[in-house]
$ cat structure_37.pdb   # PDB, C-alpha atoms, pLDDT in the B column
ATOM      1  CA  MET A   4      -0.986 -41.543   1.303  1.00 39.00           C
ATOM      2  CA  ALA A   5      -0.768 -38.378  -0.765  1.00 39.00           C
ATOM      3  CA  ALA A   6      -0.017 -35.114   0.938  1.00 35.00           C
ATOM      4  CA  PRO A   7      -2.928 -32.670   0.983  1.00 33.00           C
ATOM      5  CA  SER A   8      -2.691 -30.043  -1.706  1.00 29.00           C
ATOM      6  CA  LEU A   9      -2.639 -26.420  -0.723  1.00 27.00           C
ATOM      7  CA  MET A  10      -4.232 -23.642  -2.700  1.00 29.00           C
ATOM      8  CA  ILE A  11      -2.047 -20.578  -2.579  1.00 31.00           C
ATOM      9  CA  LEU A  12      -3.629 -17.317  -3.653  1.00 38.00           C
ATOM     10  CA  SER A  13      -1.187 -14.836  -5.044  1.00 41.00           C
ATOM     11  CA  ALA A  14      -1.716 -11.101  -4.791  1.00 44.00           C
ATOM     12  CA  ALA A  15      -1.818 -10.927  -8.558  1.00 42.00           C
ATOM     13  CA  SER A  16      -4.480 -13.543  -9.165  1.00 45.00           C
ATOM     14  CA  SER A  17      -6.726 -12.864  -6.197  1.00 46.00           C
ATOM     15  CA  SER A  18      -7.123  -9.140  -6.844  1.00 45.00           C
ATOM     16  CA  ARG A  19      -9.298  -9.900  -9.853  1.00 47.00           C
ATOM     17  CA  ARG A  20     -11.784 -11.927  -7.829  1.00 47.00           C
ATOM     18  CA  PRO A  21     -14.441  -9.533  -6.498  1.00 52.00           C
ATOM     19  CA  SER A  22     -15.665 -11.945  -3.817  1.00 56.00           C
ATOM     20  CA  PHE A  23     -12.134 -12.512  -2.528  1.00 52.00           C
ATOM     21  CA  THR A  24     -11.416  -8.775  -2.485  1.00 51.00           C
ATOM     22  CA  LYS A  25     -14.699  -8.122  -0.652  1.00 53.00           C
ATOM     23  CA  TRP A  26     -13.855 -10.809   1.922  1.00 50.00           C
ATOM     24  CA  LEU A  27     -10.331  -9.470   2.280  1.00 51.00           C
ATOM     25  CA  PHE A  28     -11.560  -5.939   2.839  1.00 53.00           C
ATOM     26  CA  ARG A  29     -14.007  -7.071   5.527  1.00 54.00           C
ATOM     27  CA  THR A  30     -11.324  -9.061   7.355  1.00 49.00           C
ATOM     28  CA  SER A  31      -8.478  -6.583   6.813  1.00 49.00           C
ATOM     29  CA  ARG A  32      -9.041  -4.763  10.071  1.00 46.00           C
ATOM     30  CA  ARG A  33      -8.038  -7.954  11.863  1.00 46.00           C
ATOM     31  CA  GLY A  34      -5.688  -9.650   9.456  1.00 43.00           C
ATOM     32  CA  LEU A  35      -3.746  -7.003   7.556  1.00 50.00           C
ATOM     33  CA  PRO A  36      -2.424  -4.475  10.043  1.00 52.00           C
ATOM     34  CA  SER A  37       0.161  -2.794   7.765  1.00 57.00           C
ATOM     35  CA  SER A  38      -2.356  -0.814   5.769  1.00 59.00           C
ATOM     36  CA  ASN A  39      -4.505   0.249   8.722  1.00 64.00           C
ATOM     37  CA  THR A  40      -1.485   1.203  10.818  1.00 69.00           C
ATOM     38  CA  SER A  41      -0.029   3.232   7.971  1.00 69.00           C
ATOM     39  CA  PHE A  42      -3.300   5.102   7.434  1.00 70.00           C
ATOM     40  CA  ARG A  43      -3.548   5.961  11.139  1.00 74.00           C
ATOM     41  CA  LEU A  44       0.045   7.207  11.037  1.00 75.00           C
ATOM     42  CA  ILE A  45      -0.425   9.454   7.999  1.00 72.00           C
ATOM     43  CA  SER A  46      -3.595  10.806   9.614  1.00 73.00           C
ATOM     44  CA  SER A  47      -1.780  11.864  12.767  1.00 71.00           C
ATOM     45  CA  VAL A  48       1.825  12.647  11.744  1.00 79.00           C
ATOM     46  CA  ASP A  49       3.026  14.676   8.777  1.00 76.00           C
ATOM     47  CA  PRO A  50       3.803  11.908   6.259  1.00 78.00           C
ATOM     48  CA  LYS A  51       6.965  13.658   5.063  1.00 86.00           C
ATOM     49  CA  PHE A  52       8.567  12.676   8.361  1.00 85.00           C
ATOM     50  CA  LEU A  53       7.426   9.053   8.511  1.00 86.00           C
ATOM     51  CA  LYS A  54       9.747   6.118   8.126  1.00 90.00           C
ATOM     52  CA  LEU A  55       7.856   2.895   7.390  1.00 90.00           C
ATOM     53  CA  THR A  56      10.808   0.476   7.303  1.00 93.00           C
ATOM     54  CA  LYS A  57      14.531   0.381   8.034  1.00 95.00           C
ATOM     55  CA  ALA A  58      15.063   0.194   4.273  1.00 97.00           C
ATOM     56  CA  ASP A  59      12.991   3.247   3.214  1.00 97.00           C
ATOM     57  CA  GLU A  60      15.924   4.869   1.380  1.00 97.00           C
ATOM     58  CA  GLN A  61      16.708   1.727  -0.592  1.00 98.00           C
ATOM     59  CA  ILE A  62      13.045   0.999  -1.346  1.00 98.00           C
ATOM     60  CA  TYR A  63      12.347   4.535  -2.551  1.00 98.00           C
ATOM     61  CA  GLY A  64      15.521   4.711  -4.660  1.00 98.00           C
ATOM     62  CA  GLU A  65      14.892   1.377  -6.350  1.00 98.00           C
ATOM     63  CA  PHE A  66      11.203   2.158  -6.810  1.00 98.00           C
ATOM     64  CA  ARG A  67      11.776   5.467  -8.570  1.00 98.00           C
ATOM     65  CA  LYS A  68      14.643   4.020 -10.617  1.00 98.00           C
ATOM     66  CA  THR A  69      12.361   1.223 -11.836  1.00 97.00           C
ATOM     67  CA  PHE A  70       9.005   3.027 -11.893  1.00 97.00           C
ATOM     68  CA  GLY A  71      10.010   6.656 -12.450  1.00 95.00           C
ATOM     69  CA  GLU A  72       6.900   7.574 -14.404  1.00 94.00           C
ATOM     70  CA  LEU A  73       4.349   5.650 -12.306  1.00 97.00           C
ATOM     71  CA  LYS A  74       1.551   7.953 -11.178  1.00 97.00           C
ATOM     72  CA  ILE A  75       1.167   7.229  -7.463  1.00 98.00           C
ATOM     73  CA  ASP A  76      -1.536   9.633  -6.294  1.00 97.00           C
ATOM     74  CA  VAL A  77      -4.287   7.672  -8.065  1.00 98.00           C
ATOM     75  CA  LEU A  78      -3.119   4.213  -9.068  1.00 98.00           C
ATOM     76  CA  ASP A  79      -4.319   2.417 -12.151  1.00 97.00           C
ATOM     77  CA  PRO A  80      -4.803  -1.239 -11.161  1.00 96.00           C
ATOM     78  CA  GLU A  81      -3.427  -2.275 -14.549  1.00 96.00           C
ATOM     79  CA  GLU A  82      -0.081  -0.709 -13.569  1.00 96.00           C
ATOM     80  CA  LEU A  83       0.109  -3.317 -10.816  1.00 95.00           C
ATOM     81  CA  LYS A  84      -1.740  -6.352 -12.130  1.00 94.00           C
ATOM     82  CA  SER A  85      -1.505  -6.574 -15.931  1.00 96.00           C
ATOM     83  CA  GLU A  86       0.879  -9.144 -17.392  1.00 97.00           C
ATOM     84  CA  PRO A  87       3.401  -6.479 -18.564  1.00 96.00           C
ATOM     85  CA  ALA A  88       3.227  -4.813 -15.133  1.00 96.00           C
ATOM     86  CA  LYS A  89       3.829  -8.135 -13.349  1.00 96.00           C
ATOM     87  CA  GLU A  90       6.917  -8.687 -15.512  1.00 97.00           C
ATOM     88  CA  LYS A  91       8.283  -5.366 -14.287  1.00 97.00           C
ATOM     89  CA  TRP A  92       7.186  -5.711 -10.653  1.00 97.00           C
ATOM     90  CA  ARG A  93       8.458  -9.262 -10.122  1.00 97.00           C
ATOM     91  CA  PRO A  94      12.225  -8.452 -10.325  1.00 97.00           C
ATOM     92  CA  PHE A  95      11.679  -5.289  -8.274  1.00 98.00           C
ATOM     93  CA  CYS A  96       9.945  -7.246  -5.507  1.00 97.00           C
ATOM     94  CA  MET A  97      12.563  -9.991  -5.485  1.00 97.00           C
ATOM     95  CA  ARG A  98      15.310  -7.425  -4.757  1.00 97.00           C
ATOM     96  CA  PHE A  99      13.832  -7.099  -1.263  1.00 97.00           C
ATOM     97  CA  GLU A 100      13.864 -10.761  -0.307  1.00 97.00           C
ATOM     98  CA  GLY A 101      15.828 -10.857   2.943  1.00 96.00           C
ATOM     99  CA  VAL A 102      15.701  -7.045   3.226  1.00 97.00           C
ATOM    100  CA  VAL A 103      12.018  -6.514   4.066  1.00 96.00           C
ATOM    101  CA  GLU A 104      10.369  -9.120   6.257  1.00 94.00           C
ATOM    102  CA  ASP A 105       7.440 -10.840   4.535  1.00 93.00           C
ATOM    103  CA  PHE A 106       8.090  -8.744   1.414  1.00 94.00           C
ATOM    104  CA  ASN A 107       5.830 -10.962  -0.687  1.00 94.00           C
ATOM    105  CA  TYR A 108       2.893 -11.254   1.727  1.00 93.00           C
ATOM    106  CA  GLY A 109      -0.354  -9.627   0.687  1.00 91.00           C
ATOM    107  CA  THR A 110      -1.898  -6.449   2.043  1.00 90.00           C
ATOM    108  CA  LEU A 111      -4.380  -3.812   0.968  1.00 92.00           C
ATOM    109  CA  LEU A 112      -3.247  -0.729  -0.922  1.00 94.00           C
ATOM    110  CA  ARG A 113      -5.333   2.400  -1.497  1.00 93.00           C
ATOM    111  CA  LEU A 114      -5.831   3.267  -5.153  1.00 97.00           C
ATOM    112  CA  ASP A 115      -6.534   6.969  -4.521  1.00 96.00           C
ATOM    113  CA  CYS A 116      -4.264   8.262  -1.781  1.00 93.00           C
ATOM    114  CA  SER A 117      -6.584  11.178  -0.920  1.00 91.00           C
ATOM    115  CA  LYS A 118      -9.214   8.685   0.268  1.00 89.00           C
ATOM    116  CA  GLY A 119      -9.365   6.093   3.003  1.00 85.00           C
ATOM    117  CA  TYR A 120      -9.645   2.331   2.914  1.00 86.00           C
ATOM    118  CA  THR A 121     -12.951   1.411   1.329  1.00 88.00           C
ATOM    119  CA  GLU A 122     -13.908  -1.601  -0.700  1.00 88.00           C
ATOM    120  CA  GLU A 123     -13.891   0.480  -3.893  1.00 93.00           C
ATOM    121  CA  ASN A 124     -10.576   2.193  -3.120  1.00 94.00           C
ATOM    122  CA  THR A 125      -8.386  -0.812  -2.364  1.00 93.00           C
ATOM    123  CA  ILE A 126      -6.448  -3.421  -4.252  1.00 93.00           C
ATOM    124  CA  PHE A 127      -4.580  -6.466  -2.992  1.00 93.00           C
ATOM    125  CA  ALA A 128      -0.818  -5.978  -3.374  1.00 94.00           C
ATOM    126  CA  THR A 129       2.395  -7.387  -1.949  1.00 95.00           C
ATOM    127  CA  ARG A 130       3.907  -5.750   1.125  1.00 94.00           C
ATOM    128  CA  ILE A 131       6.875  -4.461  -0.873  1.00 97.00           C
ATOM    129  CA  GLN A 132       4.534  -2.857  -3.429  1.00 97.00           C
ATOM    130  CA  PHE A 133       2.630  -1.306  -0.529  1.00 95.00           C
ATOM    131  CA  PHE A 134       5.823   0.007   1.087  1.00 96.00           C
ATOM    132  CA  ALA A 135       7.290   1.299  -2.191  1.00 98.00           C
ATOM    133  CA  ILE A 136       4.156   3.200  -3.153  1.00 97.00           C
ATOM    134  CA  GLU A 137       3.362   4.521   0.336  1.00 95.00           C
ATOM    135  CA  ILE A 138       6.968   5.639   0.933  1.00 96.00           C
ATOM    136  CA  ALA A 139       6.879   7.470  -2.413  1.00 97.00           C
ATOM    137  CA  ARG A 140       3.490   9.003  -1.557  1.00 96.00           C
ATOM    138  CA  ASN A 141       4.886  10.222   1.762  1.00 94.00           C
ATOM    139  CA  ARG A 142       8.061  11.686   0.295  1.00 95.00           C
ATOM    140  CA  GLU A 143       6.371  13.259  -2.701  1.00 96.00           C
ATOM    141  CA  GLY A 144       3.618  14.887  -0.636  1.00 93.00           C
ATOM    142  CA  CYS A 145       0.723  12.810  -1.961  1.00 93.00           C
ATOM    143  CA  ASN A 146      -0.344  11.628   1.501  1.00 89.00           C
ATOM    144  CA  SER A 147      -0.412  15.176   2.870  1.00 85.00           C
ATOM    145  CA  ALA A 148      -4.094  15.450   1.879  1.00 83.00           C
ATOM    146  CA  VAL A 149      -5.023  12.746   4.407  1.00 79.00           C
ATOM    147  CA  TYR A 150      -2.937  14.376   7.135  1.00 80.00           C
ATOM    148  CA  ASN A 151      -4.327  17.851   6.418  1.00 79.00           C
ATOM    149  CA  SER A 152      -7.939  16.664   6.352  1.00 80.00           C
ATOM    150  CA  ALA A 153      -7.431  14.809   9.657  1.00 76.00           C
ATOM    151  CA  LYS A 154      -6.022  17.990  11.227  1.00 76.00           C
ATOM    152  CA  LYS A 155      -9.089  20.094  10.329  1.00 67.00           C
ATOM    153  CA  PRO A 156     -11.582  18.383  12.686  1.00 57.00           C
ATOM    154  CA  ALA A 157      -9.024  18.447  15.526  1.00 50.00           C
ATOM    155  CA  ALA A 158      -8.383  22.159  14.942  1.00 47.00           C
ATOM    156  CA  ALA A 159     -12.131  22.868  14.925  1.00 49.00           C
ATOM    157  CA  VAL A 160     -12.567  21.041  18.245  1.00 42.00           C
ATOM    158  CA  ALA A 161      -9.609  22.906  19.767  1.00 44.00           C
ATOM    159  CA  GLU A 162     -10.941  26.237  18.472  1.00 51.00           C
ATOM    160  CA  GLY A 163     -14.381  25.485  19.926  1.00 51.00           C
ATOM    161  CA  ALA A 164     -12.813  24.768  23.321  1.00 48.00           C
ATOM    162  CA  VAL A 165     -10.936  28.091  23.264  1.00 48.00           C
ATOM    163  CA  THR A 166     -14.006  30.151  22.369  1.00 50.00           C
ATOM    164  CA  ALA A 167     -16.317  28.413  24.861  1.00 50.00           C
TER     165      ALA A 167
END
$ encode --input "structure_37.pdb" --output "structure tokens"
Amino acid sequence: MAAPSLMILSAASSSRRPSFTKWLFRTSRRGLPSSNTSFRLISSVDPKFLKLTKADEQIYGEFRKTFGELKIDVLDPEELKSEPAKEKWRPFCMRFEGVVEDFNYGTLLRLDCSKGYTEENTIFATRIQFFAIEIARNREGCNSAVYNSAKKPAAAVAEGAVTA
């Protein structure tokens, strides 16, 4: 009897399938906690002080050594998913096998870091891509916009309580 075949969807191939991405976005609140947890963190704590993994220093150093010119505030999906990009990302990702748990699992990544997780603003990426880009966004001040915008409503509520 032949063993059942398994269809494995890679982050690279599945990101180009709109129906898969739509399904993934709808189920991400349950199934992909990394992205949602990170967004809640950068909304409530100054991202410059966040540490996402035990290997943040190594991830950031390797990321900027390999992708020094990559624009991280607003990502171009082609910089992650095109064939030339995959050739560059693959060896980078493999450096973290055994360093970052589930480094090659998929998660959602925001394209524009000043915006939240919406269907239009997300792409499917590996966990190590997510960590590398989000750590860089935190350290380079890109995620400060989310933190600052989250502080404004809280400050307005606090100010209203003081004046009442």
$ atom_distance --input "structure_37.pdb" --atom1 "atom CA of Arg93 of chain A" --atom2 "atom CA of Glu143 of chain A"
23.8 Å
$ closest_residue --input "structure_37.pdb" --among "A:Lys84, A:Lys154, A:Lys91, A:Lys74" --to "Asp115 of chain A" --atoms "all atoms listed in the file"
A:Lys74
$ resolve_selection --input "structure_37.pdb" --expression "the PyMOL selection byres ((chain A and resi 97) around 12)" --output "number ranges by chain"
A: 62, 65, 89-96, 98-107, 129-132
$ closest_residue --input "structure_37.pdb" --among "A:Leu44, A:Phe133, A:Ala88, A:Lys57" --to "Tyr108 of chain A" --atoms "only C-alpha atoms"
A:Phe133
$ atom_distance --input "structure_37.pdb" --atom1 "atom CA of Asp49 of chain A" --atom2 "atom CA of Leu114 of chain A"
20.1 Å
$ atom_distance --input "structure_37.pdb" --atom1 "atom CA of Asn141 of chain A" --atom2 "atom CA of Leu53 of chain A"
7.3 Å
$ resolve_selection --input "structure_37.pdb" --expression "the PyMOL selection byres ((chain A and resi 76) around 9)" --output "PyMOL selection string"
chain A and resi 74-75+77-78+114-117+140+145-146
$ axis_aligned_box --input "structure_37.pdb" --around "segment 42-48 of chain A" --padding-each-side "4 Å" --output "JSON"
{"center_x": -0.9, "center_y": 8.9, "center_z": 10.1, "size_x": 13.4, "size_y": 15.5, "size_z": 13.3}
$ residues_around --input "structure_37.pdb" --residues "Tyr150 of chain A" --least-positions-apart "3" --cutoff "6 Å" --atoms "all atoms listed in the file" --output "JSON, numbers by chain"
{"A": [45, 46, 147, 153]}
$ write_last_selection --input "structure_37.pdb" --atoms "C-alpha atoms" --output "CSV table (one decimal), in the frame of the given file"
chain,number,residue,atom,x,y,z
A,45,ILE,CA,-0.4,9.5,8.0
A,46,SER,CA,-3.6,10.8,9.6
A,147,SER,CA,-0.4,15.2,2.9
A,153,ALA,CA,-7.4,14.8,9.7
$ closest_residue --input "structure_37.pdb" --among "A:Tyr120, A:Phe52, A:Tyr63, A:Phe42" --to "Ile136 of chain A" --atoms "all atoms listed in the file"
A:Tyr63
$ residues_around --input "structure_37.pdb" --residues "Leu111 of chain A" --least-positions-apart "5" --cutoff "7 Å" --atoms "all atoms listed in the file" --output "ChimeraX atom specification"
/A:38,125-128
$ closest_residue --input "structure_37.pdb" --among "A:Val48, A:Ser152, A:Leu112, A:Glu72" --to "Glu137 of chain A" --atoms "all atoms listed in the file"
A:Leu112
$ residues_around --input "structure_37.pdb" --residues "Glu60 of chain A" --least-positions-apart "6" --cutoff "12 Å" --atoms "all atoms listed in the file" --output "PDB file with C-alpha atoms, in the frame of the given file"
ATOM      1  CA  LEU A  53       7.426   9.053   8.511  1.00 86.00           C
ATOM      2  CA  LYS A  54       9.747   6.118   8.126  1.00 90.00           C
ATOM      3  CA  PHE A  66      11.203   2.158  -6.810  1.00 98.00           C
ATOM      4  CA  ARG A  67      11.776   5.467  -8.570  1.00 98.00           C
ATOM      5  CA  PHE A 134       5.823   0.007   1.087  1.00 96.00           C
ATOM      6  CA  ALA A 135       7.290   1.299  -2.191  1.00 98.00           C
ATOM      7  CA  ILE A 138       6.968   5.639   0.933  1.00 96.00           C
ATOM      8  CA  ALA A 139       6.879   7.470  -2.413  1.00 97.00           C
ATOM      9  CA  ARG A 142       8.061  11.686   0.295  1.00 95.00           C
TER      10      ARG A 142
END
$ decode --input "structure_37.pdb" --residues "segment 81-103 of chain A" --atoms "N, CA, C and O atoms" --output "PDB file, in the first residue's frame"
ATOM      1  N   GLU A  81       8.419  41.675  -4.013  1.00  0.00           N
ATOM      2  CA  GLU A  81       9.419  41.068  -4.897  1.00  0.00           C
ATOM      3  C   GLU A  81      10.767  40.902  -4.196  1.00  0.00           C
ATOM      4  O   GLU A  81      11.552  40.034  -4.557  1.00  0.00           O
ATOM      5  N   GLU A  82      11.044  41.731  -3.196  1.00  0.00           N
ATOM      6  CA  GLU A  82      12.290  41.624  -2.435  1.00  0.00           C
ATOM      7  C   GLU A  82      12.299  40.396  -1.526  1.00  0.00           C
ATOM      8  O   GLU A  82      13.318  40.031  -0.962  1.00  0.00           O
ATOM      9  N   LEU A  83      11.141  39.778  -1.381  1.00  0.00           N
ATOM     10  CA  LEU A  83      11.020  38.569  -0.571  1.00  0.00           C
ATOM     11  C   LEU A  83      10.726  37.331  -1.407  1.00  0.00           C
ATOM     12  O   LEU A  83      11.147  36.236  -1.052  1.00  0.00           O
ATOM     13  N   LYS A  84      10.003  37.485  -2.499  1.00  0.00           N
ATOM     14  CA  LYS A  84       9.439  36.334  -3.191  1.00  0.00           C
ATOM     15  C   LYS A  84       9.940  36.087  -4.611  1.00  0.00           C
ATOM     16  O   LYS A  84       9.665  35.027  -5.159  1.00  0.00           O
ATOM     17  N   SER A  85      10.625  37.023  -5.224  1.00  0.00           N
ATOM     18  CA  SER A  85      11.119  36.785  -6.586  1.00  0.00           C
ATOM     19  C   SER A  85      12.199  35.703  -6.551  1.00  0.00           C
ATOM     20  O   SER A  85      12.780  35.425  -5.497  1.00  0.00           O
ATOM     21  N   GLU A  86      12.478  35.110  -7.680  1.00  0.00           N
ATOM     22  CA  GLU A  86      13.508  34.065  -7.734  1.00  0.00           C
ATOM     23  C   GLU A  86      14.873  34.581  -7.259  1.00  0.00           C
ATOM     24  O   GLU A  86      15.530  33.925  -6.450  1.00  0.00           O
ATOM     25  N   PRO A  87      15.341  35.764  -7.723  1.00  0.00           N
ATOM     26  CA  PRO A  87      16.628  36.262  -7.211  1.00  0.00           C
ATOM     27  C   PRO A  87      16.603  36.518  -5.699  1.00  0.00           C
ATOM     28  O   PRO A  87      17.585  36.258  -5.003  1.00  0.00           O
ATOM     29  N   ALA A  88      15.462  37.006  -5.192  1.00  0.00           N
ATOM     30  CA  ALA A  88      15.347  37.248  -3.751  1.00  0.00           C
ATOM     31  C   ALA A  88      15.407  35.937  -2.976  1.00  0.00           C
ATOM     32  O   ALA A  88      16.079  35.841  -1.942  1.00  0.00           O
ATOM     33  N   LYS A  89      14.720  34.910  -3.468  1.00  0.00           N
ATOM     34  CA  LYS A  89      14.736  33.600  -2.800  1.00  0.00           C
ATOM     35  C   LYS A  89      16.151  33.046  -2.728  1.00  0.00           C
ATOM     36  O   LYS A  89      16.528  32.441  -1.715  1.00  0.00           O
ATOM     37  N   GLU A  90      16.930  33.256  -3.792  1.00  0.00           N
ATOM     38  CA  GLU A  90      18.318  32.782  -3.808  1.00  0.00           C
ATOM     39  C   GLU A  90      19.151  33.464  -2.722  1.00  0.00           C
ATOM     40  O   GLU A  90      20.085  32.864  -2.190  1.00  0.00           O
ATOM     41  N   LYS A  91      18.811  34.685  -2.405  1.00  0.00           N
ATOM     42  CA  LYS A  91      19.534  35.417  -1.362  1.00  0.00           C
ATOM     43  C   LYS A  91      18.993  35.084   0.032  1.00  0.00           C
ATOM     44  O   LYS A  91      19.745  34.972   0.992  1.00  0.00           O
ATOM     45  N   TRP A  92      17.671  34.937   0.142  1.00  0.00           N
ATOM     46  CA  TRP A  92      17.058  34.651   1.433  1.00  0.00           C
ATOM     47  C   TRP A  92      17.341  33.234   1.924  1.00  0.00           C
ATOM     48  O   TRP A  92      17.504  33.021   3.128  1.00  0.00           O
ATOM     49  N   ARG A  93      17.371  32.279   1.026  1.00  0.00           N
ATOM     50  CA  ARG A  93      17.518  30.869   1.433  1.00  0.00           C
ATOM     51  C   ARG A  93      18.744  30.640   2.325  1.00  0.00           C
ATOM     52  O   ARG A  93      18.619  30.100   3.427  1.00  0.00           O
ATOM     53  N   PRO A  94      19.978  31.057   1.913  1.00  0.00           N
ATOM     54  CA  PRO A  94      21.132  30.829   2.781  1.00  0.00           C
ATOM     55  C   PRO A  94      21.042  31.618   4.097  1.00  0.00           C
ATOM     56  O   PRO A  94      21.469  31.132   5.138  1.00  0.00           O
ATOM     57  N   PHE A  95      20.449  32.803   4.026  1.00  0.00           N
ATOM     58  CA  PHE A  95      20.263  33.589   5.258  1.00  0.00           C
ATOM     59  C   PHE A  95      19.388  32.809   6.237  1.00  0.00           C
ATOM     60  O   PHE A  95      19.741  32.653   7.407  1.00  0.00           O
ATOM     61  N   CYS A  96      18.249  32.330   5.764  1.00  0.00           N
ATOM     62  CA  CYS A  96      17.328  31.590   6.630  1.00  0.00           C
ATOM     63  C   CYS A  96      17.972  30.342   7.217  1.00  0.00           C
ATOM     64  O   CYS A  96      17.815  30.054   8.407  1.00  0.00           O
ATOM     65  N   MET A  97      18.719  29.626   6.405  1.00  0.00           N
ATOM     66  CA  MET A  97      19.322  28.370   6.854  1.00  0.00           C
ATOM     67  C   MET A  97      20.359  28.585   7.963  1.00  0.00           C
ATOM     68  O   MET A  97      20.616  27.670   8.748  1.00  0.00           O
ATOM     69  N   ARG A  98      20.930  29.768   8.058  1.00  0.00           N
ATOM     70  CA  ARG A  98      21.884  30.064   9.139  1.00  0.00           C
ATOM     71  C   ARG A  98      21.234  29.955  10.520  1.00  0.00           C
ATOM     72  O   ARG A  98      21.927  29.842  11.524  1.00  0.00           O
ATOM     73  N   PHE A  99      19.904  30.026  10.566  1.00  0.00           N
ATOM     74  CA  PHE A  99      19.210  30.052  11.849  1.00  0.00           C
ATOM     75  C   PHE A  99      18.538  28.728  12.203  1.00  0.00           C
ATOM     76  O   PHE A  99      17.827  28.652  13.201  1.00  0.00           O
ATOM     77  N   GLU A 100      18.826  27.697  11.411  1.00  0.00           N
ATOM     78  CA  GLU A 100      18.360  26.364  11.768  1.00  0.00           C
ATOM     79  C   GLU A 100      19.063  25.962  13.061  1.00  0.00           C
ATOM     80  O   GLU A 100      20.284  26.043  13.165  1.00  0.00           O
ATOM     81  N   GLY A 101      18.296  25.573  14.062  1.00  0.00           N
ATOM     82  CA  GLY A 101      18.852  25.217  15.355  1.00  0.00           C
ATOM     83  C   GLY A 101      19.100  26.413  16.266  1.00  0.00           C
ATOM     84  O   GLY A 101      19.412  26.243  17.436  1.00  0.00           O
ATOM     85  N   VAL A 102      18.963  27.617  15.751  1.00  0.00           N
ATOM     86  CA  VAL A 102      19.148  28.835  16.557  1.00  0.00           C
ATOM     87  C   VAL A 102      17.791  29.414  16.942  1.00  0.00           C
ATOM     88  O   VAL A 102      17.558  29.780  18.084  1.00  0.00           O
ATOM     89  N   VAL A 103      16.894  29.495  15.947  1.00  0.00           N
ATOM     90  CA  VAL A 103      15.544  30.018  16.160  1.00  0.00           C
ATOM     91  C   VAL A 103      14.564  28.870  15.938  1.00  0.00           C
ATOM     92  O   VAL A 103      14.552  28.261  14.861  1.00  0.00           O
TER      93      VAL A 103
END
